[in-house]
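Colleague: Provided below: input-v4.csv, containing CSV, C-alpha atoms and all ligand atoms.
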```csv
chain,number,residue,atom,x,y,z
A,1,MET,CA,0.0,0.0,0.0
A,2,PRO,CA,1.4,3.4,-0.9
A,3,ALA,CA,1.8,5.9,2.0
A,4,PRO,CA,-1.1,8.2,2.6
A,5,TRP,CA,0.7,11.2,1.2
A,6,HIS,CA,1.2,9.5,-2.1
A,7,ASP,CA,-2.3,10.4,-3.2
A,8,SER,CA,-2.4,13.9,-1.6
A,9,PRO,CA,-3.4,16.8,-3.8
A,10,MET,CA,0.2,18.1,-3.7
A,11,MET,CA,1.8,14.8,-5.0
A,12,LYS,CA,-0.9,14.3,-7.6
A,13,ALA,CA,-0.4,17.9,-8.9
A,14,ALA,CA,3.3,17.3,-9.1
A,15,ARG,CA,2.6,14.2,-11.2
A,16,ARG,CA,0.0,16.2,-13.3
A,17,GLU,CA,-2.8,13.9,-12.2
A,18,PRO,CA,-6.2,15.4,-11.4
A,19,SER,CA,-6.0,16.3,-7.7
A,20,GLY,CA,-9.6,17.1,-6.7
A,21,ARG,CA,-8.5,20.5,-5.5
A,22,VAL,CA,-5.6,22.8,-6.2
A,23,PRO,CA,-2.9,22.2,-3.5
A,24,VAL,CA,-1.4,25.3,-1.9
A,25,TRP,CA,1.7,26.0,0.3
A,26,LEU,CA,3.7,29.1,0.7
A,27,MET,CA,7.4,29.7,0.4
A,28,ARG,CA,8.6,31.0,3.8
A,29,GLN,CA,5.4,29.8,5.4
A,30,ALA,CA,7.3,29.5,8.7
A,31,GLY,CA,9.0,32.8,9.6
A,32,ARG,CA,8.9,36.2,11.2
A,33,TYR,CA,5.4,37.1,10.2
A,34,MET,CA,4.2,34.4,12.6
A,35,ALA,CA,4.0,35.2,16.4
A,36,GLU,CA,4.8,31.6,17.3
A,37,TYR,CA,8.0,31.9,15.3
A,38,ARG,CA,9.0,35.2,16.8
A,39,GLU,CA,8.5,33.7,20.2
A,40,ILE,CA,11.0,30.9,19.5
A,41,ARG,CA,13.4,33.4,18.0
A,42,ARG,CA,13.2,35.6,21.1
A,43,ASP,CA,16.0,33.8,22.9
A,44,LEU,CA,17.6,31.9,20.0
A,45,GLY,CA,19.7,33.0,17.0
A,46,PHE,CA,18.5,31.9,13.6
A,47,LEU,CA,21.5,29.7,13.0
A,48,GLU,CA,21.1,28.1,16.4
A,49,LEU,CA,17.4,27.4,15.5
A,50,CYS,CA,18.5,25.8,12.3
A,51,LYS,CA,20.8,23.5,14.2
A,52,THR,CA,18.2,22.4,16.7
A,53,PRO,CA,16.2,19.7,14.8
A,54,GLN,CA,13.3,19.4,17.2
A,55,LEU,CA,12.6,23.2,17.1
A,56,CYS,CA,12.9,23.2,13.3
A,57,ALA,CA,10.2,20.5,13.2
A,58,GLU,CA,8.0,22.4,15.7
A,59,VAL,CA,8.3,25.7,13.8
A,60,MET,CA,7.2,24.1,10.5
A,61,LEU,CA,4.5,21.9,12.0
A,62,THR,CA,3.0,24.9,13.8
A,63,ALA,CA,2.9,26.9,10.6
A,64,VAL,CA,1.4,24.0,8.6
A,65,GLU,CA,-1.4,23.6,11.2
A,66,ARG,CA,-2.0,27.3,11.5
A,67,LEU,CA,-2.3,27.8,7.8
A,68,GLY,CA,-3.9,24.6,6.7
A,69,VAL,CA,-1.5,24.2,3.8
A,70,ASP,CA,-1.1,21.0,1.6
A,71,ALA,CA,2.6,20.5,2.2
A,72,ALA,CA,5.3,21.2,4.7
A,73,ILE,CA,8.9,22.3,3.8
A,74,LEU,CA,11.9,21.5,5.8
A,75,PHE,CA,12.8,24.4,8.0
A,76,SER,CA,16.4,25.3,7.4
A,77,ASP,CA,18.4,27.7,5.3
A,78,LEU,CA,19.8,27.8,1.8
A,79,LEU,CA,23.3,28.7,2.9
A,80,LEU,CA,24.0,26.1,5.6
A,81,ILE,CA,25.6,23.8,3.1
A,82,LEU,CA,28.4,26.3,2.6
A,83,GLU,CA,29.6,26.1,6.2
A,84,PRO,CA,31.1,22.7,6.1
A,85,MET,CA,32.7,23.7,2.8
A,86,GLY,CA,34.7,26.3,4.7
A,87,LEU,CA,32.7,29.5,4.4
A,88,GLN,CA,31.8,31.3,7.7
A,89,LEU,CA,28.2,32.1,7.8
A,90,ALA,CA,26.5,34.7,10.0
A,91,PHE,CA,23.0,36.1,10.3
A,92,PRO,CA,23.5,39.6,11.9
A,93,ALA,CA,20.3,40.8,13.5
A,94,GLY,CA,18.1,42.7,11.1
A,95,LYS,CA,20.2,42.0,8.1
A,96,GLY,CA,20.4,39.3,5.5
A,97,PRO,CA,23.0,36.5,5.7
A,98,VAL,CA,26.7,37.3,5.4
A,99,LEU,CA,29.6,35.0,4.4
A,100,GLN,CA,32.6,36.4,6.1
A,101,ASN,CA,35.3,34.9,3.9
A,102,PRO,CA,33.8,34.9,0.4
A,103,ILE,CA,35.4,33.6,-2.7
A,104,ARG,CA,36.5,36.8,-4.4
A,105,GLN,CA,38.7,35.5,-7.2
A,106,ALA,CA,39.7,32.4,-9.1
A,107,THR,CA,42.6,31.7,-6.7
A,108,ASP,CA,40.1,31.5,-3.9
A,109,VAL,CA,38.0,28.7,-5.4
A,110,ASP,CA,40.4,26.1,-4.0
A,111,ARG,CA,39.5,27.4,-0.5
A,112,LEU,CA,36.0,25.9,-1.0
A,113,GLY,CA,36.3,22.4,0.4
A,114,GLU,CA,34.7,19.3,-0.9
A,115,LEU,CA,31.6,18.2,1.1
A,116,GLU,CA,33.0,14.7,1.7
A,117,SER,CA,30.0,13.4,3.7
A,118,ILE,CA,26.7,14.5,5.1
A,119,ASP,CA,27.9,14.2,8.7
A,120,PRO,CA,28.5,17.9,9.4
A,121,LEU,CA,24.9,18.5,8.2
A,122,GLU,CA,23.4,15.7,10.2
A,123,PHE,CA,21.2,18.3,12.0
A,124,VAL,CA,19.4,18.9,8.7
A,125,VAL,CA,18.8,15.2,8.2
A,126,GLU,CA,17.5,14.9,11.7
A,127,ALA,CA,15.2,17.9,11.2
A,128,VAL,CA,13.8,16.0,8.2
A,129,ARG,CA,13.2,12.9,10.3
A,130,ARG,CA,11.5,14.8,13.1
A,131,THR,CA,9.3,16.9,10.8
A,132,ARG,CA,8.2,13.8,8.9
A,133,ALA,CA,7.5,12.0,12.2
A,134,GLY,CA,5.3,14.8,13.5
A,135,LEU,CA,3.5,15.6,10.2
A,136,ASP,CA,0.1,14.4,9.2
A,137,ASP,CA,0.6,11.2,7.1
A,138,ALA,CA,-1.7,12.8,4.4
A,139,LEU,CA,0.8,15.6,3.8
A,140,PRO,CA,4.0,15.5,1.9
A,141,LEU,CA,7.3,17.0,3.2
A,142,ILE,CA,9.4,19.0,0.7
A,143,GLY,CA,13.2,19.1,1.1
A,144,PHE,CA,15.3,21.8,-0.5
A,145,ALA,CA,18.6,23.2,-1.5
A,146,GLY,CA,20.0,26.2,-3.3
A,147,ALA,CA,20.7,25.7,-7.0
A,148,PRO,CA,24.4,25.8,-8.0
A,149,PHE,CA,24.2,29.3,-9.5
A,150,THR,CA,22.5,30.9,-6.5
A,151,LEU,CA,24.9,29.2,-4.0
A,152,ALA,CA,27.9,30.2,-6.2
A,153,ALA,CA,26.8,33.8,-6.4
A,154,TYR,CA,26.3,33.9,-2.6
A,155,ALA,CA,29.7,32.4,-2.1
A,156,VAL,CA,31.4,35.0,-4.3
A,157,GLU,CA,29.3,38.0,-3.3
A,158,GLY,CA,29.4,37.2,0.4
A,159,GLY,CA,25.8,38.4,0.9
A,160,ALA,CA,23.0,40.2,-0.8
A,161,SER,CA,24.0,42.0,-4.0
A,162,ARG,CA,22.4,44.6,-6.3
A,163,ASP,CA,24.4,43.9,-9.5
A,164,TYR,CA,26.1,40.5,-8.8
A,165,ARG,CA,29.3,42.1,-10.3
A,166,ARG,CA,31.8,39.9,-8.4
A,167,ALA,CA,30.0,36.7,-9.3
A,168,LYS,CA,29.6,37.8,-12.9
A,169,THR,CA,33.3,38.9,-13.2
A,170,LEU,CA,34.4,35.4,-12.2
A,171,MET,CA,31.8,33.6,-14.3
A,172,TYR,CA,32.4,35.6,-17.5
A,173,GLY,CA,36.1,36.1,-17.0
A,174,ASP,CA,37.4,32.7,-15.9
A,175,THR,CA,35.5,29.8,-17.2
A,176,GLY,CA,37.9,27.3,-15.6
A,177,ALA,CA,37.5,28.7,-12.1
A,178,TRP,CA,33.7,28.9,-12.6
A,179,HIS,CA,33.5,25.3,-13.7
A,180,ALA,CA,35.6,24.2,-10.7
A,181,LEU,CA,33.3,26.2,-8.3
A,182,MET,CA,30.1,25.0,-9.9
A,183,THR,CA,31.2,21.3,-10.1
A,184,ARG,CA,32.1,21.3,-6.4
A,185,LEU,CA,28.8,22.8,-5.5
A,186,CYS,CA,26.9,20.3,-7.6
A,187,ARG,CA,28.5,17.4,-5.9
A,188,ALA,CA,27.6,18.8,-2.5
A,189,ILE,CA,24.0,19.6,-3.5
A,190,ILE,CA,23.5,16.1,-4.8
A,191,LEU,CA,24.8,14.6,-1.6
A,192,TYR,CA,22.6,16.9,0.5
A,193,LEU,CA,19.4,16.4,-1.4
A,194,ASN,CA,19.7,12.7,-1.6
A,195,ALA,CA,20.4,12.6,2.1
A,196,GLN,CA,17.1,14.5,2.6
A,197,ILE,CA,15.3,12.1,0.4
A,198,ASP,CA,16.7,9.1,2.3
A,199,ALA,CA,15.6,10.7,5.6
A,200,GLY,CA,12.0,11.0,4.3
A,201,VAL,CA,11.1,14.0,2.1
A,202,GLN,CA,8.6,13.3,-0.7
A,203,LEU,CA,9.7,16.1,-3.1
A,204,VAL,CA,12.6,18.5,-3.3
A,205,GLN,CA,12.7,22.1,-4.4
A,206,LEU,CA,15.8,23.6,-6.0
A,207,PHE,CA,15.9,27.4,-5.3
A,208,ASP,CA,17.6,29.4,-8.0
A,209,SER,CA,16.6,32.7,-6.4
A,210,TRP,CA,19.2,34.8,-8.1
A,211,ALA,CA,19.2,33.3,-11.6
A,212,GLY,CA,17.0,36.0,-12.9
A,213,CYS,CA,19.9,38.4,-13.1
A,214,LEU,CA,21.2,36.5,-16.1
A,215,GLY,CA,20.2,36.6,-19.8
A,216,THR,CA,19.2,33.5,-21.6
A,217,ASP,CA,22.5,32.8,-23.4
A,218,ASP,CA,24.5,33.1,-20.2
A,219,TYR,CA,22.1,31.0,-18.2
A,220,ARG,CA,22.4,28.3,-20.9
A,221,ARG,CA,26.2,28.5,-21.0
A,222,TYR,CA,27.1,28.9,-17.3
A,223,VAL,CA,24.2,27.6,-15.3
A,224,LEU,CA,21.9,25.1,-17.1
A,225,PRO,CA,24.4,22.2,-17.4
A,226,TYR,CA,25.0,22.3,-13.7
A,227,SER,CA,21.4,22.5,-12.6
A,228,ARG,CA,20.6,19.7,-15.0
A,229,SER,CA,23.4,17.5,-13.5
A,230,VAL,CA,22.0,18.0,-10.0
A,231,ILE,CA,18.4,17.2,-11.1
A,232,GLU,CA,19.6,14.1,-13.0
A,233,SER,CA,21.5,12.8,-10.1
A,234,LEU,CA,18.7,12.7,-7.6
A,235,ALA,CA,16.9,9.5,-6.5
A,236,PRO,CA,14.4,8.6,-9.2
A,237,GLY,CA,10.7,9.0,-8.5
A,238,VAL,CA,11.0,12.1,-6.3
A,239,PRO,CA,9.4,15.1,-8.0
A,240,VAL,CA,11.7,18.1,-8.3
A,241,ILE,CA,10.3,21.7,-8.1
A,242,HIS,CA,12.7,23.9,-10.1
A,243,PHE,CA,12.2,27.5,-9.0
A,244,ALA,CA,13.7,30.7,-10.1
A,245,THR,CA,12.7,34.3,-9.9
A,246,GLY,CA,13.2,37.6,-11.7
A,247,ASN,CA,13.3,36.7,-15.4
A,248,PRO,CA,10.4,35.0,-17.2
A,249,ALA,CA,12.6,34.6,-20.3
A,250,LEU,CA,14.4,31.8,-18.5
A,251,LEU,CA,11.3,29.6,-18.1
A,252,PRO,CA,11.9,27.4,-21.2
A,253,LEU,CA,15.5,26.9,-20.1
A,254,LEU,CA,14.5,26.0,-16.5
A,255,ARG,CA,12.3,23.4,-18.1
A,256,GLU,CA,15.2,22.2,-20.2
A,257,ALA,CA,17.4,21.9,-17.1
A,258,GLY,CA,14.7,19.7,-15.6
A,259,GLY,CA,12.2,19.4,-12.8
A,260,SER,CA,8.7,18.0,-12.9
A,261,VAL,CA,7.3,21.2,-11.5
A,262,ILE,CA,8.6,24.6,-12.6
A,263,GLY,CA,8.2,27.4,-10.0
A,264,VAL,CA,7.4,30.9,-11.4
A,265,ASP,CA,7.1,34.3,-9.9
A,266,TRP,CA,4.5,37.0,-10.5
A,267,ARG,CA,6.3,38.9,-13.3
A,268,VAL,CA,4.6,36.7,-15.9
A,269,ARG,CA,1.0,35.6,-16.2
A,270,LEU,CA,0.5,32.0,-15.1
A,271,ASP,CA,-1.1,31.0,-18.4
A,272,ASP,CA,1.7,32.6,-20.4
A,273,ALA,CA,4.3,30.9,-18.1
A,274,TRP,CA,2.7,27.5,-18.6
A,275,ALA,CA,2.7,28.0,-22.4
A,276,ALA,CA,6.4,28.9,-22.3
A,277,ILE,CA,7.2,25.9,-20.1
A,278,GLY,CA,5.0,23.4,-22.0
A,279,GLY,CA,2.0,21.4,-20.9
A,280,ASP,CA,4.1,18.3,-20.0
A,281,ARG,CA,5.3,20.0,-16.8
A,282,ALA,CA,3.5,21.0,-13.7
A,283,ILE,CA,3.7,24.6,-12.5
A,284,GLN,CA,4.0,26.3,-9.1
A,285,GLY,CA,3.0,29.9,-8.4
A,286,ASN,CA,2.5,32.7,-8.7
A,287,LEU,CA,0.8,35.3,-6.5
A,288,ASP,CA,2.8,38.4,-5.7
A,289,PRO,CA,3.7,38.2,-2.0
A,290,ALA,CA,2.8,41.9,-1.6
A,291,VAL,CA,-0.9,41.0,-2.3
A,292,LEU,CA,-0.9,39.4,1.2
A,293,LEU,CA,-0.4,42.8,2.7
A,294,THR,CA,-3.9,43.9,1.5
A,295,ASP,CA,-7.1,42.4,2.7
A,296,PRO,CA,-9.0,39.1,2.4
A,297,ALA,CA,-11.3,40.3,-0.4
A,298,THR,CA,-8.5,41.5,-2.5
A,299,ILE,CA,-6.5,38.4,-1.8
A,300,ARG,CA,-9.5,36.2,-2.8
A,301,ARG,CA,-10.0,38.1,-6.0
A,302,ARG,CA,-6.3,37.9,-7.0
A,303,ALA,CA,-6.1,34.2,-6.1
A,304,GLY,CA,-9.2,33.7,-8.3
A,305,GLU,CA,-7.5,35.4,-11.2
A,306,ILE,CA,-4.5,33.0,-11.1
A,307,LEU,CA,-6.8,29.9,-10.7
A,308,ASP,CA,-8.7,31.1,-13.8
A,309,GLN,CA,-5.5,31.2,-15.8
A,310,ALA,CA,-4.7,27.7,-14.6
A,311,ALA,CA,-8.2,26.8,-15.9
A,312,GLY,CA,-8.5,23.6,-13.9
A,313,ARG,CA,-5.7,21.9,-15.8
A,314,PRO,CA,-4.0,19.2,-13.6
A,315,GLY,CA,-0.6,20.1,-12.4
A,316,HIS,CA,-1.1,23.5,-10.7
A,317,VAL,CA,0.5,23.9,-7.3
A,318,PHE,CA,-0.7,27.3,-5.9
A,319,ASN,CA,2.1,29.3,-4.2
A,320,LEU,CA,3.4,32.8,-4.0
A,321,GLY,CA,5.9,33.9,-6.6
A,322,HIS,CA,8.5,34.3,-3.8
A,323,GLY,CA,8.6,34.0,0.0
A,324,VAL,CA,6.1,35.5,2.5
A,325,LEU,CA,7.1,39.0,3.5
A,326,PRO,CA,7.8,39.5,7.2
A,327,GLN,CA,5.1,42.3,7.4
A,328,THR,CA,2.3,39.9,6.3
A,329,PRO,CA,-0.6,39.6,8.7
A,330,VAL,CA,-1.1,35.9,9.5
A,331,GLU,CA,-4.9,36.2,8.9
A,332,ASN,CA,-4.2,37.2,5.3
A,333,ALA,CA,-2.0,34.1,4.7
A,334,ILE,CA,-4.8,31.9,6.2
A,335,ALA,CA,-7.4,33.8,4.0
A,336,LEU,CA,-5.3,32.9,0.9
A,337,VAL,CA,-5.1,29.2,1.8
A,338,ASP,CA,-8.9,29.2,2.4
A,339,ALA,CA,-9.6,31.0,-0.8
A,340,VAL,CA,-7.5,28.6,-2.9
A,341,HIS,CA,-9.2,25.6,-1.3
A,342,GLU,CA,-12.6,27.0,-2.0
A,343,LEU,CA,-12.1,28.4,-5.5
A,344,GLY,CA,-9.7,25.7,-6.6
A,345,SER,CA,-12.1,22.8,-5.9
A,346,ARG,CA,-14.7,23.5,-8.5
B,1,LIG,O1,9.9,28.3,3.4
B,1,LIG,C1,10.1,28.0,4.6
B,1,LIG,O2,9.4,28.4,5.6
B,1,LIG,C2,11.3,27.1,5.0
B,1,LIG,C3,12.5,27.7,5.4
B,1,LIG,C4,13.4,28.5,4.6
B,1,LIG,C5,14.1,29.6,5.1
B,1,LIG,N1,15.0,30.0,4.1
B,1,LIG,C6,14.0,30.1,6.4
B,1,LIG,C7,14.5,31.5,6.8
B,1,LIG,C8,13.8,28.4,3.2
B,1,LIG,C9,13.2,27.4,2.2
B,1,LIG,C10,14.8,29.3,3.0
B,1,LIG,C11,15.5,29.4,1.7
B,1,LIG,C12,16.4,30.6,1.4
B,1,LIG,N2,17.3,31.1,2.3
B,1,LIG,C13,16.5,31.2,0.2
B,1,LIG,C14,15.8,30.8,-1.1
B,1,LIG,C15,14.5,31.3,-1.1
B,1,LIG,C16,14.4,32.8,-1.4
B,1,LIG,O3,13.9,33.5,-0.5
B,1,LIG,O4,14.8,33.2,-2.5
B,1,LIG,C17,17.5,32.2,0.3
B,1,LIG,C18,17.9,33.2,-0.8
B,1,LIG,C19,17.9,32.2,1.6
B,1,LIG,C20,19.0,33.0,2.3
B,1,LIG,C21,18.4,33.8,3.3
B,1,LIG,N3,18.1,33.3,4.6
B,1,LIG,C22,18.0,35.2,3.3
B,1,LIG,C23,18.2,36.1,2.1
B,1,LIG,C24,17.5,35.5,4.5
B,1,LIG,C25,17.1,36.9,5.0
B,1,LIG,C26,15.7,37.1,4.7
B,1,LIG,C27,15.2,38.3,5.4
B,1,LIG,O5,14.0,38.6,5.1
B,1,LIG,O6,15.9,38.9,6.3
B,1,LIG,C28,17.5,34.3,5.3
B,1,LIG,C29,17.0,34.2,6.7
B,1,LIG,C30,15.8,33.3,6.9
B,1,LIG,N4,15.7,32.1,6.3
B,1,LIG,C31,14.8,33.5,7.8
B,1,LIG,C32,14.0,32.4,7.7
B,1,LIG,C33,12.7,32.0,8.5
B,1,LIG,C34,14.6,34.7,8.7
B,1,LIG,C35,15.5,34.5,9.9
B,1,LIG,C36,15.1,35.3,11.1
B,1,LIG,O7,15.4,36.5,11.1
B,1,LIG,O8,14.5,34.7,12.0
```
In structure tokens, what does this structure look like?
Modeller:
Amino acid sequence: MPAPWHDSPMMKAARREPSGRVPVWLMRQAGRYMAEYREIRRDLGFLELCKTPQLCAEVMLTAVERLGVDAAILFSDLLLILEPMGLQLAFPAGKGPVLQNPIRQATDVDRLGELESIDPLEFVVEAVRRTRAGLDDALPLIGFAGAPFTLAAYAVEGGASRDYRRAKTLMYGDTGAWHALMTRLCRAIILYLNAQIDAGVQLVQLFDSWAGCLGTDDYRRYVLPYSRSVIESLAPGVPVIHFATGNPALLPLLREAGGSVIGVDWRVRLDDAWAAIGGDRAIQGNLDPAVLLTDPATIRRRAGEILDQAAGRPGHVFNLGHGVLPQTPVENAIALVDAVHELGSR
């Protein structure tokens, strides 16, 4: 007998089977917009939280129950994988993440160590086990990792960037160093995601949050082969959600790199996005997270517009086009989930 989550709306949508209703979950569904999360963070740094598996599980399970979403995602962070590879990671209060010893030039690439085993990231594997153990059997758990480009760009920039000029200088200027960096990251990501799969996740999402800064030719040349090699090396039968943001022109290339579900942001209509991706893939998205700052009636109307574009085709996973903003009222996030469940079950 297959596990109960096997026939959940989320898993069915990922396989493009009719799912009864449109499943919905939210990127960053556990986070600062939620009072329960802020309470846990009151006496605990974000990194410490990420390294305490039981609390990671509790944070996510609380969010899933509060929102009534159709999937949980591992509570962790994109950049943790870089720590055992030798980069010093910090989350200074009120700022985005910082890598204190970034890879600034080709000669620094050797400083990025090989992730030889999953042992230093055992806390992530344990967070998967505990989240899976506490989660309703009817709901799937999503694992995740950063895509090679986004991780490489973080490793080189050392933090948030407006123009990605350091990463691009390395990428455009020294193909050999770029290849070495991306190859090492690919091996680490494959190890990391397969460990999450072994520990009990049902799907994985690859976040290429920064890929939108690239044009199509550069994405094809410098990024696509690496993302493809990651996706091709994952345990078969586990759907991959391939997500990027910022540049809808990349959608056909994301599809080419792989993934059974392509994640899209709000900069493109969902029906146009699906046409660009092709009907043989599922799609995830794509409400502008800022809509959640308005009111339930507006949220319901905007969710309805996206559902109309999906037009009841199997293979739509409703989500935001990017993560929940910290200023979001929780009631509005709940109103969105309720609206999708109601309007998406016709
Ligand atoms: O979706 C979820 O609820 C699961 C957990 C999750 C977090 N980060 C928790 C988090 C996931 C899937 C991520 C992925 C992640 N992390 C990405 C890819 C997705 C995206 O947003 O594009 C990126 C780029 C990161 C790196 C990162 N971590 C940034 C840029 C920040 C700062 C964000 C901000 O608004 O300040 C973080 C911190 C972070 N990751 C928080 C959470 C809940 C906030 C930490 C806190 O202050 O308590």
Colleague: Please report the interatomic distance between CA of Ala153 in chain A and atom C24 of ligand LIG 1 (chain B) in Å with one decimal.
Modeller: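 Answer for the CA of Ala153 in chain A to atom C24 of ligand LIG 1 (chain B) separation: 14.4 Å.
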Colleague: Kindly compile the residues surrounding ligand LIG 1 (chain B) within 6 Å, counting all atoms listed in the file, and format them as a list of chain:residue names.
Modeller: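 With all atoms listed in the file and a cut-off of 6 Å, ligand LIG 1 (chain B) is contacted by A:Met27, A:Arg28, A:Gln29, A:Ala30, A:Gly31, A:Arg32, A:Phe46, A:Ile73, A:Leu74, A:Phe75, A:Ser76, A:Asp77, A:Leu78, A:Lys95, A:Gly96, A:Pro97, A:Phe207, A:Ser209, A:Gly323.
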Colleague: For Ala145 in chain A, work out the shell of residues within 10 Å, counting only C-alpha atoms and skipping chain neighbours fewer than 6 positions away, then give it as an mmCIF file with C-alpha atoms, keeping the file's coordinate frame.
Modeller:
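That gives us result.cif:
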```
data_model
loop_
_atom_site.group_PDB
_atom_site.id
_atom_site.type_symbol
_atom_site.label_atom_id
_atom_site.label_comp_id
_atom_site.auth_asym_id
_atom_site.auth_seq_id
_atom_site.Cartn_x
_atom_site.Cartn_y
_atom_site.Cartn_z
ATOM 1 C CA SER A 76 16.400 25.300 7.400
ATOM 2 C CA ASP A 77 18.400 27.700 5.300
ATOM 3 C CA LEU A 78 19.800 27.800 1.800
ATOM 4 C CA LEU A 79 23.300 28.700 2.900
ATOM 5 C CA LEU A 80 24.000 26.100 5.600
ATOM 6 C CA ILE A 81 25.600 23.800 3.100
ATOM 7 C CA LEU A 151 24.900 29.200 -4.000
ATOM 8 C CA ILE A 189 24.000 19.600 -3.500
ATOM 9 C CA ILE A 190 23.500 16.100 -4.800
ATOM 10 C CA TYR A 192 22.600 16.900 0.500
ATOM 11 C CA LEU A 193 19.400 16.400 -1.400
ATOM 12 C CA GLN A 196 17.100 14.500 2.600
ATOM 13 C CA VAL A 204 12.600 18.500 -3.300
ATOM 14 C CA GLN A 205 12.700 22.100 -4.400
ATOM 15 C CA LEU A 206 15.800 23.600 -6.000
ATOM 16 C CA PHE A 207 15.900 27.400 -5.300
ATOM 17 C CA ASP A 208 17.600 29.400 -8.000
#
```
Colleague: Can you measure CA of Arg300 in chain A to CA of Gly312 in chain A for me? One decimal in Å is fine.
Modeller: 16.8 Å
Colleague: Counting only C-alpha atoms, what is within 10 Å of range 252-255 of chain A, bar same-chain residues fewer than 5 positions away, as an mmCIF file with C-alpha atoms, in the frame of the given file?
Modeller:
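So result-v9.cif came out as:
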```cif
data_model
loop_
_atom_site.group_PDB
_atom_site.id
_atom_site.type_symbol
_atom_site.label_atom_id
_atom_site.label_comp_id
_atom_site.auth_asym_id
_atom_site.auth_seq_id
_atom_site.Cartn_x
_atom_site.Cartn_y
_atom_site.Cartn_z
ATOM 1 C CA ASP A 208 17.600 29.400 -8.000
ATOM 2 C CA ALA A 211 19.200 33.300 -11.600
ATOM 3 C CA THR A 216 19.200 33.500 -21.600
ATOM 4 C CA ASP A 217 22.500 32.800 -23.400
ATOM 5 C CA TYR A 219 22.100 31.000 -18.200
ATOM 6 C CA ARG A 220 22.400 28.300 -20.900
ATOM 7 C CA VAL A 223 24.200 27.600 -15.300
ATOM 8 C CA LEU A 224 21.900 25.100 -17.100
ATOM 9 C CA SER A 227 21.400 22.500 -12.600
ATOM 10 C CA ARG A 228 20.600 19.700 -15.000
ATOM 11 C CA HIS A 242 12.700 23.900 -10.100
ATOM 12 C CA PHE A 243 12.200 27.500 -9.000
ATOM 13 C CA ALA A 244 13.700 30.700 -10.100
ATOM 14 C CA SER A 260 8.700 18.000 -12.900
ATOM 15 C CA VAL A 261 7.300 21.200 -11.500
ATOM 16 C CA ILE A 262 8.600 24.600 -12.600
ATOM 17 C CA GLY A 263 8.200 27.400 -10.000
ATOM 18 C CA ALA A 273 4.300 30.900 -18.100
ATOM 19 C CA TRP A 274 2.700 27.500 -18.600
ATOM 20 C CA ALA A 275 2.700 28.000 -22.400
ATOM 21 C CA ALA A 276 6.400 28.900 -22.300
ATOM 22 C CA ILE A 277 7.200 25.900 -20.100
ATOM 23 C CA GLY A 278 5.000 23.400 -22.000
ATOM 24 C CA ASP A 280 4.100 18.300 -20.000
ATOM 25 C CA ARG A 281 5.300 20.000 -16.800
#
```
Colleague: If we count all atoms listed in the file and set the cut-off at 8 Å, which residues sit around range 9-12 of chain A, ignoring sequence neighbours fewer than 4 positions away in its own chain? Please answer as an NGL selection string.
Modeller: :A and (5 or 16-24 or 70-71 or 139-140 or 315 or 317)
Colleague: Give me, as an MDAnalysis selection string, all polymer residues having an atom no more than 12 Å from Ala199 in chain A, counting only C-alpha atoms and skipping those fewer than 2 positions away in the same chain.
Modeller: chainID A and resid 74 118 122:133 141:143 192:197 201:203
Colleague: To one decimal place, how far is CA of His341 in chain A from CA of Cys56 in chain A in Å?
Modeller: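 Answer for the CA of His341 in chain A to CA of Cys56 in chain A separation: 26.6 Å.
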Colleague: My list of candidates is A:Ile334, A:Leu250, A:Ala297, A:Ile103. Which is closest to Thr169 in chain A when distances are computed with all atoms listed in the file?
Modeller: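 Checking each candidate against Thr169 in chain A, we get A:Ile103 as the closest.
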Colleague: Which polymer residues have any atom within 10 Å of an atom of Val330 in chain A, counting all atoms listed in the file, with same-chain residues fewer than 2 positions away left out, as a list in words?
Modeller: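 Residues near the query, excluding close chain neighbours: Gln29, Tyr33, Met34, Ala35, Ala63, Arg66, Leu67, Leu292, Leu293, Pro326, Gln327, Thr328, Asn332, Ala333, Ile334 and Ala335 of chain A.
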Colleague: How would the residues just picked look written out with C-alpha atoms as an mmCIF file, in the frame of the given file?
Modeller:
```cif
data_model
loop_
_atom_site.group_PDB
_atom_site.id
_atom_site.type_symbol
_atom_site.label_atom_id
_atom_site.label_comp_id
_atom_site.auth_asym_id
_atom_site.auth_seq_id
_atom_site.Cartn_x
_atom_site.Cartn_y
_atom_site.Cartn_z
ATOM 1 C CA GLN A 29 5.400 29.800 5.400
ATOM 2 C CA TYR A 33 5.400 37.100 10.200
ATOM 3 C CA MET A 34 4.200 34.400 12.600
ATOM 4 C CA ALA A 35 4.000 35.200 16.400
ATOM 5 C CA ALA A 63 2.900 26.900 10.600
ATOM 6 C CA ARG A 66 -2.000 27.300 11.500
ATOM 7 C CA LEU A 67 -2.300 27.800 7.800
ATOM 8 C CA LEU A 292 -0.900 39.400 1.200
ATOM 9 C CA LEU A 293 -0.400 42.800 2.700
ATOM 10 C CA PRO A 326 7.800 39.500 7.200
ATOM 11 C CA GLN A 327 5.100 42.300 7.400
ATOM 12 C CA THR A 328 2.300 39.900 6.300
ATOM 13 C CA ASN A 332 -4.200 37.200 5.300
ATOM 14 C CA ALA A 333 -2.000 34.100 4.700
ATOM 15 C CA ILE A 334 -4.800 31.900 6.200
ATOM 16 C CA ALA A 335 -7.400 33.800 4.000
#
```
Colleague: Which residue, A:Gly173, A:Pro84, A:Gly134, A:Pro148, has the smallest gap to Leu112 in chain A when you use only C-alpha atoms?
Modeller: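 Once distances to Leu112 in chain A are computed over only C-alpha atoms, the minimum belongs to A:Pro84.
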Colleague: My list of candidates is A:Ala282, A:Val230, A:Val69, A:Met60. Which is closest to Val337 in chain A when distances are computed with only C-alpha atoms?
Modeller: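 Result for the nearest residue to Val337 in chain A: A:Val69.
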